[in-house]
Structures are given as C-alpha cells and as structure tokens.
Amino acid sequence: MAAAGPLSRVFRLSSIICRRNQRLFPGRSSLRRGIASCVDPAHGLSDEQREFQKVAFDFAANEMAPHMAEWDQKEIFPVETMRKAAQLGFGGIYVQPEVGGSGLSRLDTSVIFEALSTGCVSTTAYISIHNMCAWMIDTFGNNEQRERFCPDLCSMEKLASYCLTEPGSGSDAASISTSAQRQGDHYILNGTKAFISGGGDTDVYVVMCRTGVKGPKGISCVVVEKGTPGLSFGKKEKKVGWNSQPTRAVIFEDCAVPVSNRLGEEGQGFSIAMKGLNGGRINIASCSLGAAHACVQLARDHLLVRKQFGETLSSNQFLQFKLAEMATKLVASRLLVREAATALQEGRSDAVYLCSMAKLFATDECFDICNQALQMHGGYGYLKDYAVQQFVRDIRVHQILEGTNEVMRMIISRNLLTES
C-alpha cells in the first residue's frame with residue numbers, strides 16, 4: 001500500500017518491477033516520449049509511481065497494443081498475456097503482499113490501469129474486475145480463504161469473475177433473486193447471473209446470493225469454484241466491444257457450495273458488493289482515461305499529417321479548439337478520478353460520492369473524447385484498420401456497468417438533497 005503501508009515496500013516493489021521490465025523489454029524506451037506536457041499523465045506522481053507507470057505503458061505498447069485488433073476481431077481471451085502482466089504485479093495490485101499481492105494504493109492502481117488501457121481497454125477492464133474480486137476475498141475472507149484463493153489469483157494462474165447482475169435485477173441490485181438455501185454445511189444455490197465478464201473461462205466466481213429476507217440485508221457473498229456440480233454457463237454473448245473477454249450467463253442449478261466459502265457473515269453480501277464497486281468505479285473510470293489519452297494522441301497525430309484544402313487539418317482553428325477541449329476534458333477527468341482514488345484509500349466520508357462523480361464524469365467525458373477523435377479521422381476513423389474506432393466501442397459500456405451513470409447521478413443527488 002503505497003499510501004498506507006511502509007514506504008520501503010514501495011521502493012522494493014518499484015525496484016522489482018523495473019528489473020523485470022528490463023528483462024522483458026530490453027532496450028525499449030518509455031512510451032511517454034512525445035506526450036504533450038499539458039496532458040502528461042505523469043504530472044503530480046511520485047518517482048515510484050512514475051516508475052511503475054512506465055512499466056505499465058511499456059507493457060501496453062509491447063504486449064497489448066500489437067494484438068488489440070486481433071483479440072477484438074477473433075474474440076481471443078489473452079490469458080497468457082494477462083499472466084505476463086501478473087508477473088509485474090498487476091494481478092493483485094491492491095491485495096496484501098502476504099498473500100501474493102502488490103499492496104499498492106488505489107491511486108497507484110488507477111495510474112496502472114490508465115496506462116494499460118492505452119494498449120487494450122477490453123483486456124485491462126477484465127484485469128480490473130479480476131483485481132476487484134481478489135481484493136474482496138483478501139479484505140472480507142478469513143485467513144484460510146485468503147491463503148487458499150489469493151496467491152493463485154494474484155499470479156493469474158486462476159482467474160476470477162464478479163457475479164451480481166441478474167436478468168431481472170440490474171441497477172436494482174438489492175432485488176437479486178439467486179437463492180442460497182442452507183443445508184448442513186453447504187448452501188444450495190439456484191438462479192442465474194447475467195453479463196458476467198469471463199464467465200465460463202474463469203475459475204473463481206464471487207457470487208452475491210440471497211440467504212435471507214428480501215432487500216439488501218438478506219444478501220450474502222460466496223465463492224464458487226469452476227467445476228462445482230450444478231454450475232453451468234450460457235452462450236457466449238456477441239458484444240459491440242469488450243471482445244477480448246468472454247461474457248456469459250452464470251447458471252446455478254442445485255449447486256452445492258460449502259458454507260466455508262462464504263465471505264464475511266450472512267447478510268453482509270450487499271455491503272461487500274458495494275464496497276467492491278466503489279473501487280470498481282475508479283478502476284473502470286481509469287480504463288476510460290487510458291482510452292481517451294490514446295485517442296487524444298491519435299487525433300493529434302492525424303491532424304498533423306492529414307491534408308485537406310491544401311493544408312494540414314492542424315491549421316484549422318475549429319479543429320485546434322476541439323483538440324484543446326478534448327485535452328481539457330481528459331485532464332479534468334484524470335484529476336477527479338485520482339482525487340476519488342485518494343479519498344477511497346483514506347476512507348474519507350466523501351469517498352462514495354467522489355467515486356460516483358469520477359465514474360460519471362470520466363466515463364461520459366472520455367467517451368466524448370474518443371468519439372470526437374473518430375470524427376476527426378473522418379471516414380478512416382470508421383475503418384477497423386484504425387484503432388480509434390475500437391476505443392470508442394470498448395469504452396461505451398463503461399457508462400453502463402459498475403452502476404449506470406444514471407445511478408451515479410442518483411447517488412450524488414441523494415447526498416446533496418438529504419444532507420443539511
């Protein structure tokens with residue numbers, strides 16, 4: 001934990017990451033070269049944070065970006081690439097070191113996910129969900145559960161999925177109907193989870209289920225392992241974006257799960273889910289930042305070389321002003337996301353609302369940035385030969401998942417109207 005733990009741990013981790021980077025990418029210079037100072041994502045970071053930001057940028061450029069289009073078009077789940085990322089400490093970024101995690105802060109995590117997303121948003125978004133699941137087990141599990149699950153999750157030898165949404169309960173998460181009836185030392189699960197990232201290809205499912213009364217107090221959280229009798233999966237969904245990660249329904253039919261796999265106490269599941277999502281909202285906003293940062297760079301480069309009416313597009317004042325607006329929205333989004341990450345790390349009373357604001361603002365504004373970048377590319381932007389269209393497709397869903405942006409508005413306005 002860079003912000004909360006001993007400072008020496010940060011120096012050790014940074015040193016390890018840099019040595020690994022030199023072995024994996026010898027002779028490669030930082031991808032931050034050529035970034036205009038006004039949008040430089042390294043501004044305001046410590047030396048240690050800059051070091052692992054460089055590692056993440058290098059990994060994105062060398063291991064992700066060259067394959068981004070292929071993963072999208074062929075719907076490849078790049079497990080081996082993600083395991084390489086885990087070797088750099090990115091499989092359990094904010095999980096405690098004693099169970100294999102990197103022990104970094106929420107701000108550090110945001111910096112890493114923003115950098116990785118410049119190489120592939122879809123893959124980074126899955127890594128962020130996996131990290132959230134590992135953190136939930138680390139935070140709410142007992143020592144036996146932490147030691148059993150976390151090391152393999154942090155190395156990404158095993159992959160995790162988060163199971164909250166159901167066909168009949170999306171934004172109204174407290175109305176979930178997947179039941180868990182206790183029989184002796186097992187829960188018998190019945191129900192279906194919808195839109196589960198990694199579903200069918202992952203190994204560990206963190207599942208919210210109903211063990212008690214209606215409403216949030218009747219929800220518990222259990223870990224279900226792949227191969228458990230009664231666990232099955234729906235068809236692989238065909239999606240607009242996020243194609244480098246499979247999405248399926250997760251189905252429970254008299255699925256017997258040991259009571260020892262429950263995280264926390266009965267009735268604590270909804271609280272666990274919401275605490276996970278607070279961080280998840282920062283993570284997904286950070287993925288949007290990475291896409292927007294990449295698109296600002298792509299748009300700038302295109303304006304400098306594309307000629308119309310006898311001069312480059314960069315000479316057109318309207319497009320100059322649009323590019324300036326894109327850069328301003330990017331930096332404003334980044335500042336809000338990083339402030340929310342810091343608030344969450346520090347446990348501040350405004351953390352939930354800042355996380356909601358950051359998710360709302362960053363995902364909306366970053367989508368607009370990417371969409372404007374596509375427009376600046378003209379017809380070329382609509383071709384799959386150009387990366388800008390994939391960034392647009394991949395981040396559109398960020399305005400929907402981890403709580404829709406309409407729900408973010410509800411959370412924020414409720415705080416404004418109920419606190420005197």
# chains A, B, ... in the order shown; residues from 1 in each chain; ligands from 1
call {"tool": "select_by_dssp", "arguments": {"residues": "segment 52-280 of chain A", "states": "strand (DSSP E or B)", "output": "number ranges by chain"}}
result
A: 160-163, 166, 169, 179-183, 186-197, 204-210, 219-225, 231-233, 247-258, 262-263
call {"tool": "residues_around", "arguments": {"residues": "segment 406-411 of chain A", "least_positions_apart": "4", "cutoff": "9 Å", "atoms": "only C-alpha atoms", "output": "PyMOL selection string"}}
result
chain A and resi 171+352-353+355-357+359-360+399-400+415-416
call {"tool": "closest_residue", "arguments": {"among": "A:Cys38, A:Val397, A:Val79, A:Leu374", "to": "Val240 of chain A", "atoms": "only C-alpha atoms"}}
result
A:Val397
call {"tool": "closest_residue", "arguments": {"among": "A:Leu335, A:Leu277, A:Ala256, A:Ala373", "to": "Lys322 of chain A", "atoms": "only C-alpha atoms"}}
result
A:Ala373
call {"tool": "closest_atom_pairs", "arguments": {"of": "segment 239-320 of chain A", "to": "segment 148-170 of chain A", "cutoff": "10 Å", "atoms": "only C-alpha atoms", "output": "JSON lines"}}
result
{"residue": "A:Ala249", "atom": "CA", "partner": "A:Glu166", "partner_atom": "CA", "distance": 8.6}
{"residue": "A:Val250", "atom": "CA", "partner": "A:Cys163", "partner_atom": "CA", "distance": 7.9}
{"residue": "A:Phe270", "atom": "CA", "partner": "A:Leu164", "partner_atom": "CA", "distance": 9.4}
{"residue": "A:Ala273", "atom": "CA", "partner": "A:Leu164", "partner_atom": "CA", "distance": 7.7}
{"residue": "A:Gly276", "atom": "CA", "partner": "A:Tyr162", "partner_atom": "CA", "distance": 9.6}
call {"tool": "closest_residue", "arguments": {"among": "A:Ala327, A:Ile369, A:Cys209, A:Val388", "to": "Ala36 of chain A", "atoms": "only C-alpha atoms"}}
result
A:Ala327
call {"tool": "select_by_dssp", "arguments": {"residues": "segment 50-211 of chain A", "states": "helix (DSSP H, G or I)", "output": "ChimeraX atom specification"}}
result
/A:50-74,79-87,97-99,106-117,121-140,143-154,173-175
call {"tool": "closest_atom_pairs", "arguments": {"of": "segment 240-305 of chain A", "to": "segment 122-137 of chain A", "cutoff": "9 Å", "atoms": "only C-alpha atoms", "output": "CSV"}}
result
residue,atom,partner,partner_atom,distance
A:Gly241,CA,A:Ser122,CA,7.5
A:Trp242,CA,A:Ser122,CA,4.5
A:Asn243,CA,A:Ser122,CA,6.7
A:Ser244,CA,A:Ser122,CA,5.9
A:Gln245,CA,A:Thr123,CA,6.6
A:Leu263,CA,A:Ile137,CA,6.9
A:Ile272,CA,A:Met136,CA,7.3
A:Ala273,CA,A:Met136,CA,8.4
A:Lys275,CA,A:Met136,CA,8.5
A:Gly276,CA,A:Met132,CA,6.2
A:Leu277,CA,A:Met132,CA,8.0
A:Gly279,CA,A:Met132,CA,7.3
A:Gly280,CA,A:Met132,CA,6.5
A:Asn283,CA,A:Ser128,CA,6.1
A:Ile284,CA,A:Ala125,CA,6.5
A:Cys287,CA,A:Ala125,CA,6.5
call {"tool": "closest_residue", "arguments": {"among": "A:Leu383, A:Val55, A:Leu344, A:Ile219", "to": "Ala173 of chain A", "atoms": "only C-alpha atoms"}}
result
A:Ile219
call {"tool": "atom_distance", "arguments": {"atom1": "atom CA of Ala387 of chain A", "atom2": "atom CA of Ile112 of chain A"}}
result
20.7 Å
call {"tool": "closest_residue", "arguments": {"among": "A:Ile176, A:Ile251, A:Glu75, A:Ala42", "to": "Glu237 of chain A", "atoms": "only C-alpha atoms"}}
result
A:Glu75
call {"tool": "closest_residue", "arguments": {"among": "A:Asn261, A:Gln375, A:Ser197, A:Thr202", "to": "Val222 of chain A", "atoms": "only C-alpha atoms"}}
result
A:Asn261
call {"tool": "atom_distance", "arguments": {"atom1": "atom CA of Gln320 of chain A", "atom2": "atom CA of Leu298 of chain A"}}
result
14.0 Å
call {"tool": "atom_distance", "arguments": {"atom1": "atom CA of Leu289 of chain A", "atom2": "atom CA of Lys239 of chain A"}}
result
21.4 Å
